[in-house]
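> work-v8.pdb is reproduced below (PDB, C-alpha atoms, pLDDT in the B column).
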ATOM      1  CA  MET A 158     -88.351  63.957 -77.096  1.00 43.00           C
ATOM      2  CA  GLU A 159     -89.679  60.672 -78.395  1.00 46.00           C
ATOM      3  CA  HIS A 160     -88.838  59.153 -81.758  1.00 44.00           C
ATOM      4  CA  ALA A 161     -91.612  57.058 -83.266  1.00 41.00           C
ATOM      5  CA  LEU A 162     -90.145  54.356 -85.458  1.00 38.00           C
ATOM      6  CA  LYS A 163     -92.608  51.585 -86.137  1.00 40.00           C
ATOM      7  CA  ARG A 164     -95.790  50.543 -84.436  1.00 39.00           C
ATOM      8  CA  ASP A 165     -95.096  49.435 -80.848  1.00 44.00           C
ATOM      9  CA  PHE A 166     -91.580  50.888 -80.907  1.00 57.00           C
ATOM     10  CA  ARG A 167     -90.876  54.246 -79.320  1.00 80.00           C
ATOM     11  CA  LEU A 168     -87.509  55.547 -78.202  1.00 88.00           C
ATOM     12  CA  HIS A 169     -87.470  57.808 -75.163  1.00 94.00           C
ATOM     13  CA  ALA A 170     -84.715  60.300 -74.416  1.00 94.00           C
ATOM     14  CA  VAL A 171     -83.360  60.274 -70.875  1.00 96.00           C
ATOM     15  CA  HIS A 172     -84.592  63.411 -69.079  1.00 96.00           C
ATOM     16  CA  THR A 173     -84.342  62.533 -65.378  1.00 97.00           C
ATOM     17  CA  MET A 174     -81.859  61.047 -62.951  1.00 97.00           C
ATOM     18  CA  GLU A 175     -84.276  58.161 -62.376  1.00 97.00           C
ATOM     19  CA  GLU A 176     -84.328  57.356 -66.105  1.00 97.00           C
ATOM     20  CA  ALA A 177     -80.537  57.634 -66.273  1.00 98.00           C
ATOM     21  CA  ALA A 178     -80.147  55.263 -63.319  1.00 98.00           C
ATOM     22  CA  ALA A 179     -82.570  52.776 -64.894  1.00 98.00           C
ATOM     23  CA  VAL A 180     -80.671  52.837 -68.212  1.00 98.00           C
ATOM     24  CA  SER A 181     -77.362  52.314 -66.388  1.00 98.00           C
ATOM     25  CA  ALA A 182     -78.824  49.420 -64.406  1.00 97.00           C
ATOM     26  CA  PHE A 183     -80.082  47.827 -67.633  1.00 97.00           C
ATOM     27  CA  LEU A 184     -76.760  48.243 -69.453  1.00 97.00           C
ATOM     28  CA  LEU A 185     -74.805  46.824 -66.505  1.00 97.00           C
ATOM     29  CA  GLY A 186     -77.361  44.081 -65.814  1.00 96.00           C
ATOM     30  CA  PRO A 187     -77.163  40.417 -66.828  1.00 95.00           C
ATOM     31  CA  ASP A 188     -79.686  40.614 -69.708  1.00 94.00           C
ATOM     32  CA  CYS A 189     -77.999  43.259 -71.865  1.00 94.00           C
ATOM     33  CA  PHE A 190     -74.471  42.287 -72.917  1.00 91.00           C
ATOM     34  CA  ASP A 191     -73.380  38.690 -73.474  1.00 88.00           C
ATOM     35  CA  ASP A 192     -69.879  39.496 -72.224  1.00 89.00           C
ATOM     36  CA  GLN A 193     -70.177  40.653 -68.605  1.00 88.00           C
ATOM     37  CA  ARG A 194     -66.437  41.264 -68.112  1.00 88.00           C
ATOM     38  CA  PHE A 195     -66.601  45.053 -68.107  1.00 92.00           C
ATOM     39  CA  THR A 196     -63.392  47.019 -67.863  1.00 92.00           C
ATOM     40  CA  PRO A 197     -63.301  49.501 -64.963  1.00 93.00           C
ATOM     41  CA  GLY A 198     -63.663  52.315 -67.523  1.00 94.00           C
ATOM     42  CA  GLU A 199     -66.705  50.685 -69.151  1.00 94.00           C
ATOM     43  CA  GLU A 200     -68.458  50.382 -65.807  1.00 95.00           C
ATOM     44  CA  GLU A 201     -67.740  54.039 -65.104  1.00 96.00           C
ATOM     45  CA  GLN A 202     -68.985  55.134 -68.550  1.00 96.00           C
ATOM     46  CA  LEU A 203     -72.149  53.041 -68.338  1.00 97.00           C
ATOM     47  CA  ARG A 204     -72.966  54.756 -65.029  1.00 96.00           C
ATOM     48  CA  LEU A 205     -71.919  58.268 -66.082  1.00 96.00           C
ATOM     49  CA  LEU A 206     -72.961  58.721 -69.738  1.00 97.00           C
ATOM     50  CA  PRO A 207     -76.743  58.427 -69.210  1.00 97.00           C
ATOM     51  CA  VAL A 208     -76.519  61.083 -66.477  1.00 97.00           C
ATOM     52  CA  GLN A 209     -74.339  63.359 -68.624  1.00 95.00           C
ATOM     53  CA  SER A 210     -76.810  63.110 -71.492  1.00 96.00           C
ATOM     54  CA  ILE A 211     -79.354  65.018 -69.385  1.00 96.00           C
ATOM     55  CA  GLY A 212     -77.326  68.211 -69.290  1.00 86.00           C
ATOM     56  CA  LEU A 213     -75.252  68.118 -72.464  1.00 92.00           C
ATOM     57  CA  PRO A 214     -77.044  68.862 -75.735  1.00 91.00           C
ATOM     58  CA  HIS A 215     -74.494  66.985 -77.847  1.00 94.00           C
ATOM     59  CA  MET A 216     -74.904  63.711 -75.884  1.00 96.00           C
ATOM     60  CA  HIS A 217     -77.860  61.388 -76.384  1.00 97.00           C
ATOM     61  CA  CYS A 218     -79.193  58.491 -74.371  1.00 97.00           C
ATOM     62  CA  TRP A 219     -82.340  56.842 -75.711  1.00 97.00           C
ATOM     63  CA  TYR A 220     -84.132  53.804 -74.393  1.00 96.00           C
ATOM     64  CA  GLU A 221     -87.082  51.562 -75.171  1.00 94.00           C
ATOM     65  CA  ARG A 222     -89.477  50.179 -72.565  1.00 93.00           C
ATOM     66  CA  GLU A 223     -91.687  47.146 -72.611  1.00 89.00           C
ATOM     67  CA  ASP A 224     -94.006  46.372 -69.713  1.00 87.00           C
ATOM     68  CA  GLU A 225     -92.379  49.228 -67.768  1.00 87.00           C
ATOM     69  CA  GLN A 226     -88.898  47.665 -68.055  1.00 92.00           C
ATOM     70  CA  ILE A 227     -86.061  48.957 -70.200  1.00 96.00           C
ATOM     71  CA  VAL A 228     -85.352  46.483 -72.995  1.00 95.00           C
ATOM     72  CA  ALA A 229     -82.912  48.501 -75.115  1.00 96.00           C
ATOM     73  CA  ALA A 230     -80.691  51.569 -74.883  1.00 97.00           C
ATOM     74  CA  ILE A 231     -78.327  53.530 -77.093  1.00 97.00           C
ATOM     75  CA  LEU A 232     -75.735  56.165 -76.134  1.00 98.00           C
ATOM     76  CA  PHE A 233     -74.155  58.405 -78.760  1.00 98.00           C
ATOM     77  CA  ALA A 234     -72.678  61.882 -78.989  1.00 97.00           C
ATOM     78  CA  GLU A 235     -71.315  64.419 -81.378  1.00 97.00           C
ATOM     79  CA  ASN A 236     -67.555  64.137 -81.155  1.00 94.00           C
ATOM     80  CA  GLU A 237     -65.434  66.571 -79.182  1.00 93.00           C
ATOM     81  CA  HIS A 238     -64.668  68.720 -82.247  1.00 94.00           C
ATOM     82  CA  ARG A 239     -68.387  69.444 -82.914  1.00 94.00           C
ATOM     83  CA  SER A 240     -67.705  69.402 -86.654  1.00 94.00           C
ATOM     84  CA  GLY A 241     -70.354  66.913 -87.752  1.00 96.00           C
ATOM     85  CA  GLY A 242     -68.809  63.684 -86.537  1.00 98.00           C
ATOM     86  CA  TYR A 243     -70.762  61.408 -84.181  1.00 98.00           C
ATOM     87  CA  ARG A 244     -69.671  58.507 -82.003  1.00 98.00           C
ATOM     88  CA  LEU A 245     -71.862  55.573 -81.060  1.00 98.00           C
ATOM     89  CA  ASP A 246     -70.558  54.612 -77.630  1.00 97.00           C
ATOM     90  CA  TYR A 247     -72.903  51.848 -76.483  1.00 96.00           C
ATOM     91  CA  PHE A 248     -76.103  50.116 -77.390  1.00 95.00           C
ATOM     92  CA  GLY A 249     -77.687  47.057 -75.909  1.00 95.00           C
ATOM     93  CA  VAL A 250     -80.812  44.989 -76.354  1.00 95.00           C
ATOM     94  CA  HIS A 251     -82.383  42.659 -73.791  1.00 95.00           C
ATOM     95  CA  ARG A 252     -81.835  39.001 -74.657  1.00 92.00           C
ATOM     96  CA  LYS A 253     -85.589  38.390 -75.027  1.00 91.00           C
ATOM     97  CA  CYS A 254     -85.891  41.131 -77.684  1.00 90.00           C
ATOM     98  CA  ARG A 255     -82.921  40.370 -79.922  1.00 87.00           C
ATOM     99  CA  GLN A 256     -84.785  38.575 -82.686  1.00 85.00           C
ATOM    100  CA  ARG A 257     -87.243  41.458 -83.104  1.00 88.00           C
ATOM    101  CA  LYS A 258     -84.804  43.845 -84.826  1.00 88.00           C
ATOM    102  CA  VAL A 259     -84.907  46.307 -81.927  1.00 90.00           C
ATOM    103  CA  GLY A 260     -81.155  46.941 -82.233  1.00 91.00           C
ATOM    104  CA  ARG A 261     -81.437  47.603 -85.960  1.00 93.00           C
ATOM    105  CA  ARG A 262     -84.289  50.065 -85.429  1.00 92.00           C
ATOM    106  CA  MET A 263     -82.296  51.873 -82.727  1.00 94.00           C
ATOM    107  CA  ILE A 264     -79.237  52.152 -84.983  1.00 96.00           C
ATOM    108  CA  ASP A 265     -81.444  53.344 -87.870  1.00 95.00           C
ATOM    109  CA  ALA A 266     -83.029  56.006 -85.622  1.00 95.00           C
ATOM    110  CA  MET A 267     -79.578  57.210 -84.532  1.00 96.00           C
ATOM    111  CA  ILE A 268     -78.419  57.371 -88.168  1.00 97.00           C
ATOM    112  CA  ARG A 269     -81.517  59.389 -89.146  1.00 95.00           C
ATOM    113  CA  TYR A 270     -80.936  61.765 -86.215  1.00 95.00           C
ATOM    114  CA  CYS A 271     -77.299  62.296 -87.218  1.00 96.00           C
ATOM    115  CA  ILE A 272     -78.256  62.937 -90.849  1.00 96.00           C
ATOM    116  CA  GLU A 273     -80.988  65.400 -89.782  1.00 94.00           C
ATOM    117  CA  SER A 274     -78.376  67.123 -87.593  1.00 95.00           C
ATOM    118  CA  ASP A 275     -76.046  67.576 -90.603  1.00 96.00           C
ATOM    119  CA  GLY A 276     -73.725  64.835 -89.415  1.00 97.00           C
ATOM    120  CA  ARG A 277     -70.889  63.764 -91.702  1.00 98.00           C
ATOM    121  CA  TYR A 278     -70.088  60.382 -90.183  1.00 98.00           C
ATOM    122  CA  ILE A 279     -70.632  58.053 -87.245  1.00 98.00           C
ATOM    123  CA  GLU A 280     -67.769  56.140 -85.695  1.00 98.00           C
ATOM    124  CA  THR A 281     -68.190  53.155 -83.421  1.00 98.00           C
ATOM    125  CA  PHE A 282     -66.289  50.212 -82.016  1.00 97.00           C
ATOM    126  CA  THR A 283     -66.699  46.734 -80.639  1.00 96.00           C
ATOM    127  CA  CYS A 284     -64.622  43.869 -79.328  1.00 96.00           C
ATOM    128  CA  ASP A 285     -63.014  41.199 -81.502  1.00 97.00           C
ATOM    129  CA  LEU A 286     -64.219  38.254 -79.346  1.00 95.00           C
ATOM    130  CA  PRO A 287     -66.992  35.865 -80.520  1.00 94.00           C
ATOM    131  CA  PRO A 288     -69.704  37.233 -78.160  1.00 92.00           C
ATOM    132  CA  TYR A 289     -69.578  40.440 -80.249  1.00 93.00           C
ATOM    133  CA  ASP A 290     -70.217  38.762 -83.621  1.00 94.00           C
ATOM    134  CA  ALA A 291     -73.851  39.934 -83.661  1.00 92.00           C
ATOM    135  CA  ALA A 292     -72.844  43.564 -83.026  1.00 94.00           C
ATOM    136  CA  ARG A 293     -70.283  43.429 -85.825  1.00 96.00           C
ATOM    137  CA  GLY A 294     -72.888  41.963 -88.182  1.00 95.00           C
ATOM    138  CA  LEU A 295     -75.379  44.677 -87.240  1.00 95.00           C
ATOM    139  CA  PHE A 296     -72.829  47.421 -87.875  1.00 97.00           C
ATOM    140  CA  GLU A 297     -71.958  45.978 -91.281  1.00 97.00           C
ATOM    141  CA  ARG A 298     -75.626  45.531 -92.283  1.00 96.00           C
ATOM    142  CA  SER A 299     -76.198  49.160 -91.239  1.00 97.00           C
ATOM    143  CA  GLY A 300     -73.494  50.389 -93.608  1.00 98.00           C
ATOM    144  CA  PHE A 301     -70.586  50.773 -91.201  1.00 98.00           C
ATOM    145  CA  GLU A 302     -67.198  50.056 -92.727  1.00 98.00           C
ATOM    146  CA  PHE A 303     -64.444  48.273 -90.779  1.00 98.00           C
ATOM    147  CA  ILE A 304     -61.535  50.695 -90.316  1.00 98.00           C
ATOM    148  CA  CYS A 305     -58.927  49.018 -88.112  1.00 98.00           C
ATOM    149  CA  HIS A 306     -58.116  46.498 -85.391  1.00 98.00           C
ATOM    150  CA  LEU A 307     -56.369  47.467 -82.154  1.00 98.00           C
ATOM    151  CA  PRO A 308     -55.111  44.200 -80.606  1.00 98.00           C
ATOM    152  CA  ASP A 309     -55.016  43.756 -76.820  1.00 97.00           C
ATOM    153  CA  TYR A 310     -56.972  46.984 -76.331  1.00 97.00           C
ATOM    154  CA  TYR A 311     -59.378  46.000 -73.553  1.00 94.00           C
ATOM    155  CA  TYR A 312     -57.362  43.183 -71.998  1.00 94.00           C
ATOM    156  CA  PRO A 313     -54.555  40.930 -73.297  1.00 95.00           C
ATOM    157  CA  GLY A 314     -56.098  38.862 -76.075  1.00 95.00           C
ATOM    158  CA  GLU A 315     -59.145  41.156 -76.363  1.00 95.00           C
ATOM    159  CA  GLY A 316     -58.892  43.707 -79.164  1.00 97.00           C
ATOM    160  CA  LYS A 317     -60.956  46.647 -80.351  1.00 98.00           C
ATOM    161  CA  LEU A 318     -62.456  46.923 -83.852  1.00 98.00           C
ATOM    162  CA  LEU A 319     -63.217  50.401 -85.189  1.00 98.00           C
ATOM    163  CA  TYR A 320     -66.017  51.084 -87.688  1.00 98.00           C
ATOM    164  CA  MET A 321     -67.196  54.185 -89.539  1.00 98.00           C
ATOM    165  CA  LYS A 322     -70.276  55.132 -91.516  1.00 98.00           C
ATOM    166  CA  ARG A 323     -70.178  58.144 -93.804  1.00 98.00           C
ATOM    167  CA  LEU A 324     -73.472  60.022 -93.957  1.00 97.00           C
TER
END
If you convert what's in this file into structure tokens, what do you get?

Amino acid sequence: MEHALKRDFRLHAVHTMEEAAAVSAFLLGPDCFDDQRFTPGEEEQLRLLPVQSIGLPHMHCWYEREDEQIVAAILFAENEHRSGGYRLDYFGVHRKCRQRKVGRRMIDAMIRYCIESDGRYIETFTCDLPPYDAARGLFERSGFEFICHLPDYYYPGEGKLLYMKRL
């Protein structure tokens, strides 16, 4: 399944192990996230979730390519209750593409998908450190509401911020 958004922007769903491995490599690579201090659980999720999205209909891993290289990816899923709630787990955009609104278009495509799937809300999270300011701004511009702060969640001095968007 491909989701056409705007000219020259096409999201591809992960369908093969090779695609899943390429998305994982991008997300764990040096050009995706500004903060490269992954927790052990984040590393595991970034390797596992793209693969799981192949076989589970409620999990989604989409990516964008440019010149045959992945430049953006998004991972989201219907929550475990399957009652219309969705969770945005990860999204990342290559440093060279960040000023082109690729992240915003990916988030918008996910929101449209969730609405079309009779979703009620999307929850997401990010870190409270300065390297995550852009992600927080993107969530807020996309209509996500700040819900709560969990201090010292990832590591001492590194908290988690929860957001929610009602659909």
> Using all atoms listed in the file, can you tell me which of A:Gln209, A:Cys254, A:Gly249, A:Leu203 comes closest to Ala234 (chain A)?
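Result for the nearest residue to Ala234 (chain A): A:Gln209.
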> Could you check the closest approach to Tyr310 (chain A) for each of A:Ala291, A:Cys284, A:Ala266, A:Leu206 and tell me which residue wins, using all atoms listed in the file?
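Ranking A:Ala291, A:Cys284, A:Ala266, A:Leu206 by distance to Tyr310 (chain A), first place goes to A:Cys284.
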> When the PyMOL selection byres ((chain A and resi 320) around 9) is applied to the structure above, which residues does it catch, written out as a list in words?
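For this structure, the PyMOL selection byres ((chain A and resi 320) around 9) captures Ile279, Glu280, Thr281, Phe282, Thr283, Arg293, Phe296, Glu297, Phe301, Glu302, Phe303, Ile304, Cys305, Leu318, Leu319, Met321 and Lys322 of chain A.
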> Pick out the closest residue to Pro308 (chain A) from this set: A:Ile268, A:Ile211, A:Ala170, A:Leu286. Count all atoms listed in the file.
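For Pro308 (chain A), the nearest of the candidates is A:Leu286.
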> Calculate how many Å separate CA of Ala292 (chain A) from CA of Arg269 (chain A), rounding to one decimal.
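Between CA of Ala292 (chain A) and CA of Arg269 (chain A) the gap is 19.1 Å.
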> Go ahead and compute the interatomic distance for CA of Cys189 (chain A) and CA of Arg252 (chain A), in Å to one decimal.
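One can read the CA of Cys189 (chain A) to CA of Arg252 (chain A) distance as 6.4 Å.
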> Which is closer to Lys317 (chain A) than all the others in A:Tyr289, A:Tyr220, A:Phe233, A:Phe248, using only C-alpha atoms?
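Using only C-alpha atoms, Lys317 (chain A) sits closest to A:Tyr289.
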> Nearest residue to Gln202 (chain A) out of A:Val259, A:Ala179, A:Val250, A:Leu232, using all atoms listed in the file?
A:Leu232
> What is the distance, in Å and to one decimal place, between CA of Glu200 (chain A) and CA of Thr173 (chain A)?
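Spanning CA of Glu200 (chain A) to CA of Thr173 (chain A) is a straight-line distance of 20.0 Å.
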> Please write the residues picked by the PyMOL selection byres ((chain A and resi 196) around 12) on this file as a PDB file with C-alpha atoms, in the frame of the given file.

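The new file expr-v9.pdb reads:
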ATOM      1  CA  LEU A 185     -74.805  46.824 -66.505  1.00 97.00           C
ATOM      2  CA  ASP A 192     -69.879  39.496 -72.224  1.00 89.00           C
ATOM      3  CA  GLN A 193     -70.177  40.653 -68.605  1.00 88.00           C
ATOM      4  CA  ARG A 194     -66.437  41.264 -68.112  1.00 88.00           C
ATOM      5  CA  PHE A 195     -66.601  45.053 -68.107  1.00 92.00           C
ATOM      6  CA  PRO A 197     -63.301  49.501 -64.963  1.00 93.00           C
ATOM      7  CA  GLY A 198     -63.663  52.315 -67.523  1.00 94.00           C
ATOM      8  CA  GLU A 199     -66.705  50.685 -69.151  1.00 94.00           C
ATOM      9  CA  GLU A 200     -68.458  50.382 -65.807  1.00 95.00           C
ATOM     10  CA  GLU A 201     -67.740  54.039 -65.104  1.00 96.00           C
ATOM     11  CA  GLN A 202     -68.985  55.134 -68.550  1.00 96.00           C
ATOM     12  CA  LEU A 203     -72.149  53.041 -68.338  1.00 97.00           C
ATOM     13  CA  CYS A 284     -64.622  43.869 -79.328  1.00 96.00           C
ATOM     14  CA  TYR A 310     -56.972  46.984 -76.331  1.00 97.00           C
ATOM     15  CA  TYR A 311     -59.378  46.000 -73.553  1.00 94.00           C
ATOM     16  CA  TYR A 312     -57.362  43.183 -71.998  1.00 94.00           C
ATOM     17  CA  GLU A 315     -59.145  41.156 -76.363  1.00 95.00           C
TER      18      GLU A 315
END
> Write out as a ChimeraX atom specification which residues come within 6 Å of Val228 (chain A) when counting all atoms listed in the file, dropping same-chain ones fewer than 4 positions away.
/A:221-222,250-251
> For region 181-185 of chain A, what centre and edge lengths in Å (one decimal) does the axis-aligned box get once 8 Å is added on each side of all its listed atoms, as AutoDock Vina command-line options?

--center_x -77.4 --center_y 49.6 --center_z -66.9 --size_x 21.3 --size_y 21.5 --size_z 21.0
> With all atoms listed in the file as the atoms that count, which of A:Trp219, A:Tyr278, A:Phe190, A:Tyr270 lies nearest to Lys253 (chain A)?
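Using all atoms listed in the file, the shortest distance to Lys253 (chain A) belongs to A:Phe190.
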> Quick one: residues within 8 Å of Val208 (chain A), all atoms listed in the file counted, chain neighbours fewer than 2 positions away excluded, as a VMD selection string?
chain A and resid 174 177 to 178 204 to 206 210 to 212
> Please expand the PyMOL selection byres ((chain A and resi 242) around 8) into the concrete residues it hits in this file, giving the result as a list of chain:residue names.
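Answer for the PyMOL selection byres ((chain A and resi 242) around 8): A:Glu235, A:Asn236, A:His238, A:Arg239, A:Ser240, A:Gly241, A:Tyr243, A:Arg244, A:Gly276, A:Arg277, A:Tyr278, A:Ile279, A:Glu280.
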> Please identify all polymer residues within 10 Å of Leu295 (chain A), counting only C-alpha atoms, omitting same-chain residues fewer than 4 positions from it, and present them as a list in words.
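Final neighbour list, sorted by chain and number: Lys258, Gly260, Arg261, Ile264, Asp290, Ala291, Ser299, Gly300 and Phe301 of chain A.
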